[in-house]
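Undergrad: The structure is given below, and queries will be raised subsequently.
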Amino acid sequence: LLVGAPQAPALPSQGANRTGGLFACPLTPELSDCWRVPIDEGVDLQRESKENQWLGVSVKSQGAGGKIVTCAHLYESRHRVRQPLETRDVIGRCFVLSQDLRVRDELDGGEWKFCEGRPQGHDRFGFCQQGLAAAFSPDHHYILFGAPGTYNWKGNLRVELLNQSSLDLLRYDDGPYEAGGEKDQDPSLIPVPANSYFGFSVDSGAGLTRRRELSFVTGAPRANHTGAVVILRRDSANRLVPEAVLSGQQLTSAFGYAVAVLDLNSDGWMDLVVGAPHFFERKEEIGGAAYVYINPAGRWDSATPLRLNGTRGSMFGIALSAAGDLNQDGFEDLAVGAPFDGSGKVYIYHGSNLGIVAKPAQVRG
């Protein structure tokens with residue numbers, strides 16, 4: 001079990017007090033056998049700052065034999081240190097590791113920081129915050145990075161090829177792709193306003209808009225004050241082009257804080273679940289929601305969601321995950337986190353041929 005600890009104390013070599021870290025916990029009855037993964041050691045204080053960088057804010061694995069990614073979205077690139085015009089750019093960075101949690105090949109290490117060297121300033125890439133969300137595509141070919149601070153906090157999504165085999169090396173012209181254009185760097189290509197936090201959550205799947213074709217999903221929880229989720233595809237100009245925009249239904253509900261792509265009804269079309277942890281209805285004691293969209297054969301403009309509700313103040317929907325087929329009935333299942341429901345709970349919902357079973361099958365906490 002890999003655990004991100006973004007508030008973990010710094011290592012002695014990091015020149016900081018608190019940097020965050022990644023921990024590995026064997027699945028044993030022991031409570032104290034977790035160990036800190038030895039990454040991100042050392043620092044060059046003339047070029048960077050790791051203080052409060054939040055390493056471990058996102059952690060994703062490809063599964064057995066695959067890669068791991070973990071990010072520090074508040075990592076700072078420094079210029080002209082101790083000079084009158086010193087600047088600090090909160091670009092963020094990510095680490096990719098091999099299955100033994102070590103740097104094994106040229107893909108591994110902490111050089112995944114696409115905003116480095118780009119134009120500075122809050123209206124460009126100076127507050128990029130790459131890695132607040134990160135993910136791998138289900139075909140293992142791509143790695144996804146959300147960068148919600150880009151373009152005056154409009155946000156950005158970047159997708160890069162993760163070369164793993166000789167076949168992948170033949171895809172030399174395959175990306176990287178960005179919602180603002182990897183070459184264009186044009187925020188007008190992104191279909192949400194400034195301060196939307198586009199890239200706050202990320203996922204992907206084949207069969208969202210066309211069968212067997214990969215699409216990418218990202219949340220923008222402050223878009224138009226209600227939040228939004230955007231489905232995108234790659235084009236030949238290194239852009240991620242919007243295909244559908246789903247809008248939140250309540251002001252300040254943070255719709256898009258979390259997203260999950262899974263096939264709940266096993267019809268070959270990937271369904272979408274969107275978390276809105278700040279949703280509330282005072283009279284009904286509801287706090288937090290997860291919107292379940294059963295895919296209408298790629299025609300998202302006709303999709304009507306089912307809303308799953310949490311208890312008052314629970315932040316239900318702050319975390320979502322496709323949980324696999326837990327009960328072995330042929331339908332994928334969903335896990336929803338509610339960290340302030342009592343001392344914290346996880347709700348398990350089963351898929352079915354009709355979509356999702358609205359009553360939770362399990363509540364763990």
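By convention here, the chains of the structure tokens are called A, B, ... in the order presented, each chain's residues are numbered starting at 1, and ligands are numbered starting at 1 in the order presented.
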Using only C-alpha atoms, determine which residues lie at most 10 Å from Arg93 of chain A, disregarding the query and same-chain residues fewer than 6 positions distant; provide the list as a compact mmCIF listing (two decimals) with N, CA and C atoms, in the first residue's frame.
TA:
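Generated file (around12.txt):
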```
# COMPACT_ATOMS: atom_id res chain seq x y z
N GLN A 53 6.43 21.62 -0.01
CA GLN A 53 6.14 21.29 -1.41
C GLN A 53 5.02 20.25 -1.56
N LEU A 55 5.03 16.84 -1.23
CA LEU A 55 5.31 15.57 -1.90
C LEU A 55 4.38 14.49 -1.35
N THR A 70 4.24 9.94 -8.08
CA THR A 70 3.83 10.76 -6.94
C THR A 70 4.35 12.17 -7.17
N CYS A 71 3.61 13.16 -6.69
CA CYS A 71 3.91 14.54 -7.06
C CYS A 71 3.99 15.46 -5.84
N ALA A 72 4.66 16.59 -6.06
CA ALA A 72 4.76 17.68 -5.09
C ALA A 72 4.34 18.95 -5.81
N HIS A 73 3.06 19.31 -5.72
CA HIS A 73 2.53 20.37 -6.58
C HIS A 73 2.99 21.77 -6.15
N LEU A 74 3.55 21.90 -4.94
CA LEU A 74 4.01 23.21 -4.47
C LEU A 74 5.54 23.33 -4.48
N TYR A 75 6.19 22.46 -5.21
CA TYR A 75 7.64 22.58 -5.42
C TYR A 75 7.95 23.90 -6.13
N GLU A 76 8.99 24.61 -5.66
CA GLU A 76 9.31 25.94 -6.19
C GLU A 76 10.63 25.92 -6.97
N SER A 77 10.59 26.54 -8.13
CA SER A 77 11.80 26.83 -8.89
C SER A 77 12.24 28.26 -8.55
N GLY A 110 12.78 12.50 -10.79
CA GLY A 110 11.95 13.65 -10.50
C GLY A 110 12.01 14.77 -11.52
N GLU A 111 12.36 14.43 -12.76
CA GLU A 111 12.47 15.47 -13.78
C GLU A 111 11.17 15.69 -14.55
N TRP A 112 10.06 15.20 -14.03
CA TRP A 112 8.77 15.43 -14.66
C TRP A 112 8.24 16.78 -14.16
N LYS A 113 8.63 17.86 -14.83
CA LYS A 113 8.20 19.22 -14.44
C LYS A 113 8.11 20.06 -15.72
N PHE A 114 6.97 19.95 -16.38
CA PHE A 114 6.84 20.52 -17.73
C PHE A 114 6.76 22.04 -17.72
N CYS A 115 6.47 22.65 -16.58
CA CYS A 115 6.37 24.11 -16.55
C CYS A 115 7.73 24.78 -16.36
N GLU A 116 8.76 24.01 -16.06
CA GLU A 116 10.08 24.59 -15.86
C GLU A 116 10.59 25.21 -17.16
N CYS A 128 2.05 27.08 -11.83
CA CYS A 128 1.55 25.90 -12.54
C CYS A 128 0.94 24.83 -11.61
N GLN A 129 1.66 24.50 -10.53
CA GLN A 129 1.20 23.50 -9.55
C GLN A 129 0.93 22.14 -10.20
N GLN A 130 1.87 21.74 -11.06
CA GLN A 130 1.77 20.43 -11.71
C GLN A 130 1.72 19.32 -10.67
N GLY A 131 0.82 18.38 -10.87
CA GLY A 131 0.80 17.17 -10.06
C GLY A 131 -0.17 17.18 -8.91
N LEU A 132 -0.95 18.28 -8.74
CA LEU A 132 -2.01 18.20 -7.74
C LEU A 132 -2.88 16.98 -8.03
N PHE A 145 -1.05 14.75 -16.10
CA PHE A 145 -0.73 15.70 -15.04
C PHE A 145 -1.73 16.85 -15.06
```
Undergrad: Quick check for you: according to DSSP on this backbone, which residues of segment 214-327 of chain A are classed as strand (DSSP E or B)? Reply as an MDAnalysis selection string.
TA: chainID A and resid 214:220 227:234 239:247 255 258:262 271:281 286:293 306:311 316 319:322
Undergrad: Record the distance separating atom CA of His350 of chain A and atom CA of Val292 of chain A, expressed in Å with one decimal.
TA: 12.1 Å
Undergrad: For Ile143 of chain A, which residue out of A:Leu272, A:Val202, A:Ala289, A:Leu208 is the nearest one, using only C-alpha atoms?
TA: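 For Ile143 of chain A, the nearest of the given residues is A:Val202.
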Undergrad: Set the distance at 12 Å and use only C-alpha atoms: which residues neighbour segment 30-36 of chain A once local chain neighbours fewer than 3 positions away are removed? I'd like the list as a ChimeraX atom specification.
TA: /A:1-5,8-11,20-27,39-41,55-56,101-102
Undergrad: Which residue, A:Phe136, A:Ala361, A:Gln46, A:Pro12, has the smallest gap to Gly63 of chain A when you use only C-alpha atoms?
TA: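 Between A:Phe136, A:Ala361, A:Gln46, A:Pro12, the residue approaching Gly63 of chain A most closely is A:Phe136.
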Undergrad: Could you check how far atom CA of Ser343 of chain A sits from atom CA of Arg364 of chain A, in Å to one decimal?
TA: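 Atom CA of Arg364 of chain A lies at a distance of 10.6 Å from atom CA of Ser343 of chain A.
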Undergrad: Find the residues near Val346 of chain A: any atom within 8 Å, counting only C-alpha atoms, skip ones fewer than 5 places away on the same chain, and give them as a PyMOL selection string.
TA: chain A and resi 335-339+363-365
Undergrad: For Leu45 of chain A, list every protein, DNA or RNA residue within 9 Å, evaluated using only C-alpha atoms, and leave out those in the same chain fewer than 5 positions away; present the list as JSON, numbers by chain.
TA: {"A": [15, 50, 78, 81]}
Undergrad: For the helix (DSSP H, G or I) assignment from backbone DSSP, which residues of segment 123-318 of chain A qualify? Please present them as a list of chain:residue names.
TA: A:Thr150, A:Tyr151, A:Asn152, A:Trp153, A:Ser166, A:Leu167, A:Asp168, A:Leu169, A:Pro187, A:Ser188, A:Leu189, A:Ala223, A:Asn224, A:His225, A:Trp300, A:Asp301, A:Ser302
Undergrad: Once you have the residues from the selection above, write them out as an mmCIF file, in the first residue's frame, restricted to C-alpha atoms.
TA:
```cif
data_model
loop_
_atom_site.group_PDB
_atom_site.id
_atom_site.type_symbol
_atom_site.label_atom_id
_atom_site.label_comp_id
_atom_site.auth_asym_id
_atom_site.auth_seq_id
_atom_site.Cartn_x
_atom_site.Cartn_y
_atom_site.Cartn_z
ATOM 1 C CA THR A 150 -1.629 27.609 -14.937
ATOM 2 C CA TYR A 151 -2.982 30.644 -16.865
ATOM 3 C CA ASN A 152 -4.219 32.648 -13.865
ATOM 4 C CA TRP A 153 -5.602 29.517 -12.209
ATOM 5 C CA SER A 166 10.065 -0.869 -28.425
ATOM 6 C CA LEU A 167 6.551 -0.486 -29.853
ATOM 7 C CA ASP A 168 6.103 2.731 -27.874
ATOM 8 C CA LEU A 169 9.335 4.080 -29.323
ATOM 9 C CA PRO A 187 -5.387 29.585 -22.599
ATOM 10 C CA SER A 188 -8.334 30.484 -24.860
ATOM 11 C CA LEU A 189 -8.359 26.846 -26.014
ATOM 12 C CA ALA A 223 -15.559 26.899 -13.029
ATOM 13 C CA ASN A 224 -18.423 29.395 -13.170
ATOM 14 C CA HIS A 225 -18.695 29.074 -9.369
ATOM 15 C CA TRP A 300 -23.047 13.473 -23.217
ATOM 16 C CA ASP A 301 -25.393 16.369 -23.937
ATOM 17 C CA SER A 302 -28.267 13.983 -23.165
#
```
Undergrad: Calculate how many Å separate atom CA of Gly175 of chain A from atom CA of Asp123 of chain A, rounding to one decimal.
TA: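 A separation of 23.9 Å between them.
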Undergrad: Kindly provide the residues of segment 288-354 of chain A that approach segment 244-251 of chain A to within 10 Å, each paired with its closest atom pair and their distance in Å to one decimal, based on only C-alpha atoms, listed by chain and increasing number, as a tab-separated table.
TA:
```
residue	atom	partner	partner_atom	distance
A:Tyr291	CA	A:Gly248	CA	9.4
A:Tyr293	CA	A:Leu246	CA	9.9
A:Gly298	CA	A:Ala244	CA	9.5
A:Arg299	CA	A:Ala244	CA	8.8
A:Trp300	CA	A:Ala244	CA	6.5
A:Asp301	CA	A:Ala244	CA	7.4
A:Ala303	CA	A:Leu246	CA	9.1
```
Undergrad: What would the file look like if the residues just selected were written as an mmCIF file, in the first residue's frame with N, CA and C atoms?
TA:
```
data_model
loop_
_atom_site.group_PDB
_atom_site.id
_atom_site.type_symbol
_atom_site.label_atom_id
_atom_site.label_comp_id
_atom_site.auth_asym_id
_atom_site.auth_seq_id
_atom_site.Cartn_x
_atom_site.Cartn_y
_atom_site.Cartn_z
ATOM 1 N N TYR A 291 -22.112 12.551 -8.375
ATOM 2 C CA TYR A 291 -23.030 12.477 -9.512
ATOM 3 C C TYR A 291 -22.600 11.329 -10.425
ATOM 4 N N TYR A 293 -23.016 9.498 -13.885
ATOM 5 C CA TYR A 293 -23.477 9.645 -15.268
ATOM 6 C C TYR A 293 -23.321 8.300 -15.977
ATOM 7 N N GLY A 298 -22.001 7.855 -25.726
ATOM 8 C CA GLY A 298 -21.129 8.942 -26.157
ATOM 9 C C GLY A 298 -21.807 10.274 -26.368
ATOM 10 N N ARG A 299 -23.121 10.348 -26.197
ATOM 11 C CA ARG A 299 -23.864 11.601 -26.407
ATOM 12 C C ARG A 299 -24.085 12.275 -25.048
ATOM 13 N N TRP A 300 -23.030 12.953 -24.577
ATOM 14 C CA TRP A 300 -23.047 13.473 -23.217
ATOM 15 C C TRP A 300 -24.025 14.625 -23.027
ATOM 16 N N ASP A 301 -24.433 15.278 -24.096
ATOM 17 C CA ASP A 301 -25.393 16.369 -23.937
ATOM 18 C C ASP A 301 -26.757 15.855 -23.482
ATOM 19 N N ALA A 303 -26.982 13.304 -21.206
ATOM 20 C CA ALA A 303 -26.751 12.545 -19.973
ATOM 21 C C ALA A 303 -27.416 13.238 -18.783
#
```
Undergrad: Taking into account only C-alpha atoms, which residue in the set A:Glu182, A:Thr218, A:Gln120, A:Gly109 is nearest to Pro148 of chain A?
TA: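 Result for the nearest residue to Pro148 of chain A: A:Thr218.
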Undergrad: Where does segment 286-312 of chain A meet segment 258-270 of chain A within 9 Å, residue by residue, with the nearest atom pair and distance in Å to one decimal for each, counting only C-alpha atoms, listed by chain and rising number, as a tab-separated table?
TA:
```
residue	atom	partner	partner_atom	distance
A:Ala290	CA	A:Ala258	CA	9.0
A:Ile294	CA	A:Leu264	CA	7.6
A:Asn295	CA	A:Trp269	CA	6.2
A:Pro296	CA	A:Trp269	CA	8.1
A:Ala297	CA	A:Trp269	CA	6.4
A:Gly298	CA	A:Trp269	CA	7.6
```
